[in-house]
Structure formats: C-alpha cells, structure tokens
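Beneath this line is the structure, given in structure tokens, with notes to follow.
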Amino acid sequence: MEPDKLSKRFCAQFRTKLLNWSKDNPRPMPWKETKDPYHIWLSEIILQQTRVQQGWEYFLKFKRTFPSIFDLANASEQEVLAKWQGLGYYSRARNLHATARFVAEKFGGIFPDSMDDLLSLKGVGDYTAAAISSFAFDKPEAVVDGNVFRVFSRLFGVIHPRGSSQGKNIIKRYSEQLLDQNNPAEYNQALLNFGALHCKPSNPICGSCPFSKSCFALQEDRVDEFPLKPKKRSRRRRHFNYLVIESKKSFLMKKRESGDIWQGLFDFPLFESERPKQKKSIIGHFVKQGILDGAEEIIPGPRFSQTLTHQTIEARFFLLNSENDRRQIGQELQWIGQADHQSVGFPKVIDLFFAETLNP
C-alpha cells in the first residue's frame with residue numbers, strides 16, 4: 001500500500017496500538033526525562049553508531065564533565081576527544097565540540113528550534129534534527145532511524161534496500177503519514193522503542209505484535225527478508241607498522257592529521273604498507289625518516305586488529321626502550337607521559353597496546 005493510500009482510520013488505529021504497546025513496555029533512559037535540547041542533542045550524537053547501553057554511560061559522563069553547552073564550548077578539543085575515547089567515529093566528537101562553540105557564539109547558548117537552523121549544525125542530519133525538534137520542542141517532525149525503517153519495511157513490504165534513496169524516500173512518506181501531529185514526541189519515542197525491543201533485526205516477537213494482522217512480511221512469511229539489504233561493499237585492509245620509542249615512562253607520539261581516520265588522536269610514528277612487511281624493511285623506513293639510526297635494538301611487539309566500517313586495520317608494534325633518549329625529533333612528534341593518558345585521545349589499537357604492555 002502506497003503511503004498516500006493509507007486511510008485515516010488505519011493511521012489512527014496504528015497510533016493507538018503503538019502508544020498502548022509503549023505504555024505496557026516502558027524503556028527508561030536518562031535523556032528521555034528531559035526537554036533540555038542540549039541534553040537531547042548530546043544523547044543523539046553519542047547514540048549515532050553506538051549501542052544504547054554504551055551510550056548511556058558516555059552520556060552521563062559528558063553531562064557530568066560538561067553540564068552546560070558553555071562548558072563544552074570552552075573545553076579544548078583534546079579534552080573532548082579524551083572523554084570520547086572508546087566510542088569510535090571520532091568525527092562525531094569533533095563535530096560535537098564545533099557545534100557547541102557555534103551555538104554558544106551564534107545563538108547565545110540557546111539551541112535553535114527550526115529544522116533549517118538545526119540542519120546547519122555540524123554533525124546534525126535529518127534524523128538528529130527531527131529528534132531534537134520533536135523531543136525538545138514538541139514539533140511534528142517524523143523521526144526515522146534504522147529501527148523505524150525496519151518496522152515500516154516489514155509492515156508495508158518496502159522493496160527498496162536500506163540506505164537507498166528510494167527506500168529512504170518512501171519510509172519518510174510512511175512516517176509522515178502515520179505521525180501523531182498532536183503528540184509527536186511520545187509517538188516518535190514509542191516507534192523507536194518498538195523497533196528496538198519488539199520488531200528486532202533478528203528474532204522479532206511476531207507472536208504478540210499488535211500489527212501482526214496487517215504486517216506484509218509476516219503474512220507472506222518473509223520477515224527475515226525485510227528490510228532488503230544493500231550490496232556489501234568490500235572492506236579495505238590496511239597495514240599499520242608502528243615504532244614505539246619509550247624513555248622514562250614517556251612515549252614518542254604524534255597527533256594524527258585531517259583527511260584520514262582518527263583525526264586529532266595520538267599514535268606512534270607510523271609506516272603504512274599495502275601488505276605485511278619484514279622487520280628490516282620497516283626499520284629501514286624509520287632510518288630514512290631520521291627517527292632511527294639503524295644501530296638500535298628493535299624488538300617485535302604485539303599485534304592488534306581493528307575493524308572499521310569500510311576498512312580493517314592490522315597494527316604491528318616494534319619496540320625500542322631507551323633509558324635516556326635525546327634524539328632530535330621534528331615538530332610533529334612529542335613525548336607523551338603515562339600521566340598524560342587521561343587528557344589525550346588514542347585510537348583503539350593504541351589503547352589495546354597500552355593495556356597489554358603497561359598492565360600485563
């Protein structure tokens with residue numbers, strides 16, 4: 001059934017059933033108890049690409065550390081990245097910081113309530129803007145995430161894959177048709193929760209679904225097929241060969257530049273290769289860079305792997321311990337002591353290295 005063919009009766013019954021389900025299946029979360037747009041925005045940015053349970057912990061940590069948008073705006077980028085460490089997708093943290101400064105300076109710390117102004121904020125797309133507009137300001141904006149896409153794909157048998165422009169368009173139209181104009185915040189939250197708790201990606205609870213009689217996927221015995229999946233993109237494999245120079249409990253490190261993963265985080269001097277390299281070749285690279293003189297004893301260290309959305313990082317570590325290191329280093333390199341680890345951010349593979357070598 002096309003979105004514009006939905007009857008008023010069907011839409012009203014859908015809303016009633018959904019809200020009744022929501023009352024019987026409460027899902028308490030700290031950001032649901034507030035209308036403060038700063039806290040709602042903070043929670044939505046944290047929850048992008050993050051499970052609710054993990055996001056819960058980080059939301060409370062950020063709320064404690066940066067209780068107002070001015071506290072976040074006045075913090076340094078390194079402070080924000082350090083608090084974000086472990087969540088991944090660090091561009092979210094940089095956008096969070098940039099947006100806090102923008103709202104503090106342009107809007108006097110007061111979040112805008114129009115969709116156009118919200119969409120002008122860094123890191124805020126259609127979903128996040130609609131969520132802030134609905135949950136903070138009770139505006140009738142349809143909130144569409146992966147949960148909503150899955151619910152409506154199954155309910156109406158949407159034949160377009162998740163992530164496709166056609167799929168996004170038709171799900172948006174269904175969402176707008178079914179939206180409760182008088183109670184958008186409660187309705188949107190109920191729909192998100194229904195997708196997360198009931199109409200789950202795997203093992204959905206179809207036996208007690210309030211929409212079972214009208215669900216296309218269930219009636220056709222094709223629940224596991226929906227939503228249709230896009231073709232998988234091949235994952236790039238990258239080999240990171242790190243040189244770890246330690247002296248007096250400090251490590252020679254550098255801040256990663258823009259234009260690649262982990263921007264603004266700290267890692268060790270790096271030789272990236274397309275395929276695994278021999279130790280001799282790796283040492284030769286750092287000799288050419290002037291970081292090694294070729295006479296030092298380099299010990300192979302641990303290996304770690306980290307899988308990102310479209311790439312896999314294979315990290316190898318080569319160790320040099322120098323009790324009184326005085327080597328000449330360029331401006332991009334600096335000594336980071338163990339005491340500084342709480343104030344700077346590291347990629348996950350560097351965290352794993354420190355966890356194994358500093359806390360054996």
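Order determines the names: the first chain of the structure tokens is A, the second B, and so forth; residues in each chain are numbered 1 upward, and ligands are numbered 1 upward as they are shown.
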
Skip Ser250 in chain A itself and residues of its chain fewer than 3 positions away, then list as a VMD selection string all residues within 9 Å of it, counting only C-alpha atoms.
chain A and resid 245 to 247 335 to 339

Residues just named, written with C-alpha atoms as a compact mmCIF listing (two decimals), in the first residue's frame:
```txt
# COMPACT_ATOMS: atom_id res chain seq x y z
CA ILE A 245 60.04 4.53 21.45
CA GLU A 246 59.81 4.62 25.24
CA SER A 247 62.04 6.66 27.53
CA TRP A 335 56.82 12.91 24.30
CA ILE A 336 53.59 11.79 25.97
CA GLY A 337 53.95 10.55 29.55
CA GLN A 338 51.80 7.89 31.19
CA ALA A 339 50.35 10.61 33.42
```

Nearby residues (only C-alpha atoms) at most 12 Å from Asp260 in chain A, same-chain spacing under 6 positions excluded, as an MDAnalysis selection string
chainID A and resid 89:91 311

Could you please take those selected residues and save C-alpha atoms as a PDB file, in the first residue's frame?
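Written out: out11.pdb:
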```pdb
ATOM      1  CA  TYR A  89      33.875   7.525  14.932  1.00  0.00           C
ATOM      2  CA  TYR A  90      35.821  10.464  16.367  1.00  0.00           C
ATOM      3  CA  SER A  91      34.485  12.925  13.797  1.00  0.00           C
ATOM      4  CA  GLN A 311      38.374  -0.925   6.413  1.00  0.00           C
TER       5      GLN A 311
END
```

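Counting only C-alpha atoms, the residue from A:Pro269, A:Pro140, A:Gly301, A:Pro204 that sits nearest to Ala185 in chain A is A:Pro140.
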
Set the distance at 10 Å and use only C-alpha atoms: which residues neighbour Arg27 in chain A once local chain neighbours fewer than 6 positions away are removed? I'd like the list as a VMD selection string.
chain A and resid 189 to 190 193 to 194 197

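The gap separating CA of Met253 in chain A from CA of Asn241 in chain A is 13.6 Å, in Å to one decimal.
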
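With only C-alpha atoms as the basis for measurement, A:Lys83 is the residue among A:Lys288, A:Lys83, A:Lys5, A:Arg64 that approaches Gln342 in chain A most closely.
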
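Taking CA of Ser175 in chain A and CA of Asn20 in chain A as endpoints, the distance between them is 18.4 Å.
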
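Nearest residue to Glu176 in chain A among A:Phe111, A:Ala196, A:Val143, A:Glu77 is A:Val143, counting only C-alpha atoms.
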
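Shortest separation to Phe156 in chain A among A:Ala131, A:Phe216, A:Lys139, A:Glu314 occurs at residue A:Phe216, atoms counted being only C-alpha atoms.
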
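From CA of Pro37 in chain A back to CA of Phe137 in chain A, the distance works out to 7.9 Å.
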
Taking 6 positions as the minimum chain separation for residues in the same chain, which residues sit within 12 Å of Gln278 in chain A when counting only C-alpha atoms? Answer as a ChimeraX atom specification.
/A:239,241,271,284-285,300,316,318

Got time to write the residues from that selection, N, CA and C atoms, as a CSV table (one decimal), in the first residue's frame?
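Wrote result-v3.csv, looks like this:
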```csv
chain,number,residue,atom,x,y,z
A,239,HIS,N,47.7,-2.0,6.6
A,239,HIS,CA,48.8,-2.5,7.5
A,239,HIS,C,49.5,-1.3,8.1
A,241,ASN,N,52.4,-0.2,10.6
A,241,ASN,CA,53.6,-0.6,11.3
A,241,ASN,C,54.0,0.5,12.2
A,271,PHE,N,54.5,3.6,9.7
A,271,PHE,CA,54.8,3.3,8.4
A,271,PHE,C,53.7,2.4,7.9
A,284,GLY,N,64.2,0.2,8.1
A,284,GLY,CA,64.8,1.0,7.1
A,284,GLY,C,64.0,2.2,6.8
A,285,HIS,N,62.7,2.1,6.8
A,285,HIS,CA,61.8,3.3,6.6
A,285,HIS,C,62.0,4.3,7.7
A,300,PRO,N,60.3,-6.9,18.1
A,300,PRO,CA,58.9,-7.0,17.6
A,300,PRO,C,57.9,-7.1,18.8
A,316,ARG,N,50.9,-3.6,13.8
A,316,ARG,CA,52.1,-4.3,14.4
A,316,ARG,C,52.9,-3.2,15.1
A,318,PHE,N,56.7,-2.3,16.9
A,318,PHE,CA,58.1,-2.5,17.0
A,318,PHE,C,58.7,-1.6,18.1
```

Counting only C-alpha atoms, figure out which residue out of A:Gln289, A:Val244, A:Phe304, A:Arg275 gets nearest to Asn321 in chain A.
A:Val244

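Considering the residues A:Asp351, A:Glu44, A:Glu296, A:Glu272 and counting only C-alpha atoms, Ala136 in chain A has its shortest atom-to-atom contact with A:Glu44.
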
If you run DSSP on the backbone here, which positions in range 133-274 of chain A get strand (DSSP E)? Please write them as a tab-separated table (two decimals) with N, CA and C atoms, in the first residue's frame.
```
chain	number	residue	atom	x	y	z
A	236	ARG	N	38.45	-2.49	2.85
A	236	ARG	CA	39.87	-2.27	2.58
A	236	ARG	C	40.71	-2.73	3.76
A	237	ARG	N	41.84	-3.37	3.47
A	237	ARG	CA	42.74	-3.83	4.53
A	237	ARG	C	44.00	-2.96	4.53
A	238	ARG	N	44.33	-2.39	5.69
A	238	ARG	CA	45.50	-1.50	5.81
A	238	ARG	C	46.45	-2.07	6.85
A	239	HIS	N	47.75	-1.97	6.58
A	239	HIS	CA	48.77	-2.49	7.49
A	239	HIS	C	49.51	-1.31	8.11
A	240	PHE	N	49.35	-1.15	9.43
A	240	PHE	CA	49.98	-0.08	10.18
A	240	PHE	C	51.16	-0.66	10.96
A	241	ASN	N	52.36	-0.21	10.65
A	241	ASN	CA	53.58	-0.65	11.34
A	241	ASN	C	54.05	0.50	12.23
A	242	TYR	N	53.91	0.31	13.54
A	242	TYR	CA	54.20	1.38	14.49
A	242	TYR	C	55.57	1.19	15.12
A	243	LEU	N	56.28	2.31	15.28
A	243	LEU	CA	57.54	2.31	16.03
A	243	LEU	C	57.26	2.92	17.40
A	244	VAL	N	57.48	2.14	18.45
A	244	VAL	CA	57.20	2.58	19.81
A	244	VAL	C	58.53	2.86	20.51
A	245	ILE	N	58.82	4.13	20.74
A	245	ILE	CA	60.04	4.53	21.45
A	245	ILE	C	59.64	5.00	22.84
A	246	GLU	N	60.13	4.29	23.85
A	246	GLU	CA	59.81	4.62	25.24
A	246	GLU	C	61.06	5.09	25.95
A	247	SER	N	60.93	6.16	26.73
A	247	SER	CA	62.04	6.66	27.53
A	247	SER	C	61.49	7.28	28.80
A	250	SER	N	57.78	7.68	29.15
A	250	SER	CA	57.14	8.54	28.15
A	250	SER	C	57.31	7.90	26.78
A	251	PHE	N	56.39	8.20	25.88
A	251	PHE	CA	56.40	7.60	24.55
A	251	PHE	C	56.43	8.70	23.50
A	252	LEU	N	57.22	8.46	22.45
A	252	LEU	CA	57.29	9.39	21.34
A	252	LEU	C	56.04	9.20	20.47
A	253	MET	N	55.22	10.25	20.36
A	253	MET	CA	53.94	10.12	19.68
A	253	MET	C	53.68	11.34	18.79
A	254	LYS	N	52.65	11.23	17.96
A	254	LYS	CA	52.28	12.34	17.08
A	254	LYS	C	50.76	12.43	17.01
A	255	LYS	N	50.30	13.62	16.72
A	255	LYS	CA	48.86	13.85	16.57
A	255	LYS	C	48.47	13.62	15.12
A	266	PHE	N	46.16	10.64	19.10
A	266	PHE	CA	47.61	10.44	19.11
A	266	PHE	C	47.95	8.98	18.84
A	267	ASP	N	48.95	8.77	17.98
A	267	ASP	CA	49.51	7.43	17.81
A	267	ASP	C	51.02	7.53	17.67
A	270	LEU	N	54.50	6.10	12.29
A	270	LEU	CA	53.81	5.07	11.52
A	270	LEU	C	54.42	4.88	10.13
A	271	PHE	N	54.53	3.62	9.74
A	271	PHE	CA	54.84	3.26	8.36
A	271	PHE	C	53.69	2.40	7.87
A	272	GLU	N	52.86	2.95	6.97
A	272	GLU	CA	51.74	2.19	6.43
A	272	GLU	C	52.15	1.49	5.15
A	273	SER	N	51.76	0.24	5.02
A	273	SER	CA	52.10	-0.53	3.83
A	273	SER	C	50.86	-1.25	3.29
```

Env of Lys8 in chain A: 12 Å cut, atoms = only C-alpha atoms, seq-sep filter 4 positions within chain, self excluded. Answer as a VMD selection string.
chain A and resid 3 to 4 12 to 15 177 to 180

Export of prior selection with C-alpha atoms as a PDB file, in the first residue's frame:
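The resulting file, part24.pdb, is reproduced below:
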```pdb
ATOM      1  CA  PRO A   3       1.832   5.988   1.792  1.00  0.00           C
ATOM      2  CA  ASP A   4      -0.789   8.345   0.362  1.00  0.00           C
ATOM      3  CA  ALA A  12      -5.428   6.386  13.925  1.00  0.00           C
ATOM      4  CA  GLN A  13      -5.519   2.681  14.827  1.00  0.00           C
ATOM      5  CA  PHE A  14      -1.778   2.369  14.254  1.00  0.00           C
ATOM      6  CA  ARG A  15      -1.042   5.262  16.631  1.00  0.00           C
ATOM      7  CA  GLN A 177       1.529   9.941   7.158  1.00  0.00           C
ATOM      8  CA  LEU A 178       1.441   7.981  10.414  1.00  0.00           C
ATOM      9  CA  LEU A 179       2.962  10.659  12.676  1.00  0.00           C
ATOM     10  CA  ASP A 180       0.825  11.761  15.610  1.00  0.00           C
TER      11      ASP A 180
END
```

Long-range neighbours of Pro227 in chain A as number ranges by chain, 12 Å cut-off, only C-alpha atoms, 5 positions minimum in chain
A: 146-164, 167-168, 171, 199-202, 216-217, 222
